[in-house]
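Data first, discussion second: the structure below is written as structure tokens.
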Amino acid sequence: MAYSEKVIDHYQHPRNVGSFGTSKDVAARRDIGVGIVGAPECGDVMQLQLRISEEGIIEEAKFKCFGCGSAIASSSLATEWIKGKSIEEALTIRNTQIVEELSLPPVKIHCSVLAEDSIRSAIADFQKKNGIVTATAETNAAAH
Amino acid sequence: MALKLPIYMDNAATTRTDPRVVEAMLPYFTEKFGNAASRNHVFGWDAEDGIEIAREQAASLIGASSKEVIWTSGSTESNNLAIKGAARMYAKSPEGTKNRGHIITCVIEHKAVLDPCKRLEREGFDITWITPAPDGIVTRQMIADAIRSDTILVSIMWVNNEIGTINEVPEIGKLCHEKGIIFHTDATQWVGKMPTDVERDCIDLMSWSSHKIYGPKGVGALFVRRRSPRVRLEALIDGGGHERGMRSGTLNVTGIVGFGKACELCKEGMDADRERLFSLKQKLERELSSRLEVVQVNGHADRRVPHICNISFGYVEGESLLMGIKDIACSSGSACTSASLEPSYVLKNLGIGDELAHSSLRLSIGRWTTEAEIDYAIQAIEKSVEHLRTLSPLWDLFKEGIDVSKIEWQAH
Ligand SMILES: Cc1ncc(COP(=O)(O)O)c(C=O)c1O
Ligand code: FES
């Protein structure tokens, strides 16, 4: 399969790789939302960690991804897009925009879905930790 | 010597045709182009001579008589002819009935054996599907335990094409001969690379293929034993009665001539090739296992052919690994279940951990693989695995001492 130049670029030079500490550390921090989606036996696990200000602005985003090149590129791109955005703005990002930006073929659409899911799941985690109940968080939980 | 990229390390899928083979084939396209079945002119005789020389060359590689070699289009066809042909010939009851006979095979065979067996299952035959232990070896004992009074056929591959493990073929053959059961082996990854003697190894039916041994594609052979016992097969392709009625159709003269030459070359160079490939493979496995953590060479530690190396890298996904080593042509039977590549059914059936199965590479080397290419591959794989581990959340969990298999994942 031929990969688009953008996928190759993100694969070779992924943006915002990393985490804010061990899984224990981040679980204890209320300013960080953690989203982990996928499963090893499906061949993909995406982890997104967001550091969110009290005003609800995503100040930093870090990802790790076990998955194909398209999944790595999708998550790398997602971190670029959501940095500096408000929670509400971040939640408007759709996987179809990722598909378009990275020119993903049909078999790779679910890799972009994973990226969208990880954004939702990280934000939901942040909101849960901070006792914020929103309509989005509710529907989000139901979707899984 | 400068390294030329990309590097070919997928010799278990197919091989480059040896230029000496091409040379031998050329006259049969434009000069000796006759139909080998044309009995009344020199064009036909020349073609037939070419075929018969090739038959001698093929027979001599496996210790058979030339009359025991049937030409086919490749191992897929040879396996189909052997399995369906023998089952239908030796069936205990006619078409449309049940309990037509018992067949033993194993779950890590090539699809070209699995699918004919599944068809026979639908046609009223009983199949025992053996699952080997995680080392991948099918043993004589496993077959002995599965044999019944109505067993008519055992089909066990000599070498597994994904992990390169060597089954106990001569032992199984001997057992089958003692019990009067027909024994077929898919020897596609064995013949030409390792010494073969159908008498000593007690084989009744054996498939092998030209394009895996530096010959052209689309040609193969089936060894069909003629004496003690004389094995009979029901043909799959009816027509002009070529190949003793077992496989009709005008012979692929050029292909067969090339295949014959390829057999001859393999016989001549076998010992030297084997030694060389063995040391290259040793280096590859040794270096990767020592430079990287959580590496597993799949299959039995020693009972493996020198040209196939199957290796898993923990917490790294296979397709992304292939992308990182794009200058190395090899295969990974594994990636995300929902995408184009599927996890390997061979590794799965052997119970090799899913997250490991997701990151296996099969590197298969051949006649033209050089040490410089091996060194390049070692470095490229090392670099790519390390890069991907810096990205892998599973690697972090592993490093934190968390057992990834014990986490409850939200599969999507
Ligand atoms: C073990 C085994 N059996 C059968 C085949 C099929 O061979 P062919 O391509 O000649 O039909 C292959 C190769 O893919 C193989 O490795
Ligand atoms: S993560 Fe499944 S193919 Fe990309």
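Residue names in the structure tokens use chain letters A, B, ... in the order shown, residue numbers from 1 in each chain, and ligand numbers from 1 in the order shown.
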Using only C-alpha atoms, I'd like every residue of chain A that has an atom within 10 Å of chain B; please write them out as number ranges by chain. A: 1-3, 8, 11-12, 14, 17-19, 21-24, 36-48, 63-72, 106-111, 113-114, 117, 144
Write out as a VMD selection string all residues of chain A that DSSP puts in alpha helix (DSSP H) for this structure's backbone. chain A and resid 5 to 12 23 to 28 69 to 82 87 to 90 95 to 102 109 to 129 135 to 143
Selection: 6 Å around range 117-130 of chain B, only C-alpha atoms, excl. self and same-chain fewer than 4 positions, as a compact mmCIF listing (two decimals) with N, CA and C atoms, in the first residue's frame:
# COMPACT_ATOMS: atom_id res chain seq x y z
N LYS B 98 -21.96 -40.39 3.73
CA LYS B 98 -21.13 -39.88 4.85
C LYS B 98 -20.04 -40.89 5.17
N ASN B 99 -19.15 -40.51 6.13
CA ASN B 99 -18.08 -41.41 6.57
C ASN B 99 -17.31 -42.04 5.42
N ARG B 100 -16.87 -41.17 4.50
CA ARG B 100 -16.20 -41.71 3.31
C ARG B 100 -14.73 -42.02 3.57
N GLY B 101 -14.26 -41.69 4.74
CA GLY B 101 -12.86 -41.96 5.07
C GLY B 101 -12.29 -40.84 5.92
N HIS B 102 -11.20 -41.17 6.60
CA HIS B 102 -10.61 -40.23 7.58
C HIS B 102 -9.28 -39.70 7.05
N ILE B 103 -9.10 -38.39 7.18
CA ILE B 103 -7.88 -37.73 6.71
C ILE B 103 -7.28 -36.94 7.88
N ILE B 104 -5.96 -36.96 7.99
CA ILE B 104 -5.29 -36.21 9.05
C ILE B 104 -4.43 -35.11 8.43
N THR B 105 -4.60 -33.89 8.92
CA THR B 105 -3.73 -32.80 8.50
C THR B 105 -3.53 -31.89 9.70
N CYS B 106 -2.97 -30.71 9.49
CA CYS B 106 -2.77 -29.85 10.66
C CYS B 106 -3.18 -28.41 10.35
N VAL B 107 -3.43 -27.65 11.41
CA VAL B 107 -4.02 -26.32 11.25
C VAL B 107 -3.06 -25.26 10.72
Can you tell me which residues surround Ser66 in chain B at a distance of at most 8 Å, considering only C-alpha atoms, apart from same-chain residues fewer than 5 positions away, and format the answer as a list of chain:residue names?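 After dropping sequence-adjacent residues, the list is B:Glu52, B:Arg55, B:Glu56, B:Ala58, B:Ala59, B:Ser60.
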Could those selected residues go to a file with N, CA, C and O atoms, as a compact mmCIF listing (two decimals), in the first residue's frame?
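Result file is result.txt:
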# COMPACT_ATOMS: atom_id res chain seq x y z
N GLU B 52 11.43 -34.47 -20.96
CA GLU B 52 11.93 -35.69 -20.31
C GLU B 52 13.26 -35.46 -19.60
O GLU B 52 13.53 -36.06 -18.57
N ARG B 55 12.26 -33.95 -16.45
CA ARG B 55 11.68 -34.95 -15.54
C ARG B 55 12.79 -35.72 -14.81
O ARG B 55 12.67 -36.01 -13.62
N GLU B 56 13.86 -36.02 -15.57
CA GLU B 56 15.02 -36.67 -14.94
C GLU B 56 15.64 -35.77 -13.87
O GLU B 56 15.99 -36.23 -12.78
N ALA B 58 14.24 -33.35 -12.19
CA ALA B 58 13.35 -33.21 -11.03
C ALA B 58 13.38 -34.48 -10.19
O ALA B 58 13.47 -34.43 -8.96
N ALA B 59 13.33 -35.63 -10.86
CA ALA B 59 13.32 -36.91 -10.15
C ALA B 59 14.63 -37.10 -9.38
O ALA B 59 14.64 -37.57 -8.24
N SER B 60 15.71 -36.72 -10.02
CA SER B 60 17.01 -36.93 -9.40
C SER B 60 17.19 -36.08 -8.14
O SER B 60 17.86 -36.48 -7.20
Within 7 Å of ligand 1 (counting only C-alpha atoms and all ligand atoms), which residues show up? I'd like them as a list in words. Ala12, Ala13, Ser73, Gly74, Ser75, Thr76, Glu77, Glu109, His110, Ala112, Met157, Val159, Asn160, Asn161, Asp186, Ala187, Thr188, Gln189, Ser209, Ser210, His211, Gly218, Val219 and Gly220 of chain B
Considering only strand (DSSP E) as DSSP defines it on the backbone, what residues of range 207-280 of chain B qualify? List them as an MDAnalysis selection string. chainID B and resid 207:209 220:224
Please produce an output containing C-alpha atoms for each residue in the selection, written as a short mmCIF file (atom, residue, chain, number, x, y, z; two decimals), in the first residue's frame.
data_model
loop_
_atom_site.label_atom_id
_atom_site.label_comp_id
_atom_site.auth_asym_id
_atom_site.auth_seq_id
_atom_site.Cartn_x
_atom_site.Cartn_y
_atom_site.Cartn_z
CA SER B 207 4.32 -31.36 -3.87
CA TRP B 208 6.91 -28.81 -4.78
CA SER B 209 7.08 -25.69 -6.86
CA GLY B 220 5.27 -27.38 -10.14
CA ALA B 221 5.39 -31.09 -9.69
CA LEU B 222 3.75 -33.87 -7.79
CA PHE B 223 5.69 -36.98 -6.93
CA VAL B 224 3.36 -39.97 -7.19
#
Neighbouring residues of Asp31 in chain A were defined as those with any atom within 6 Å, considering only C-alpha atoms; residues of the same chain fewer than 2 positions away were excluded. Please report them as a list in words. Arg29, Arg51 and Ile52 of chain A
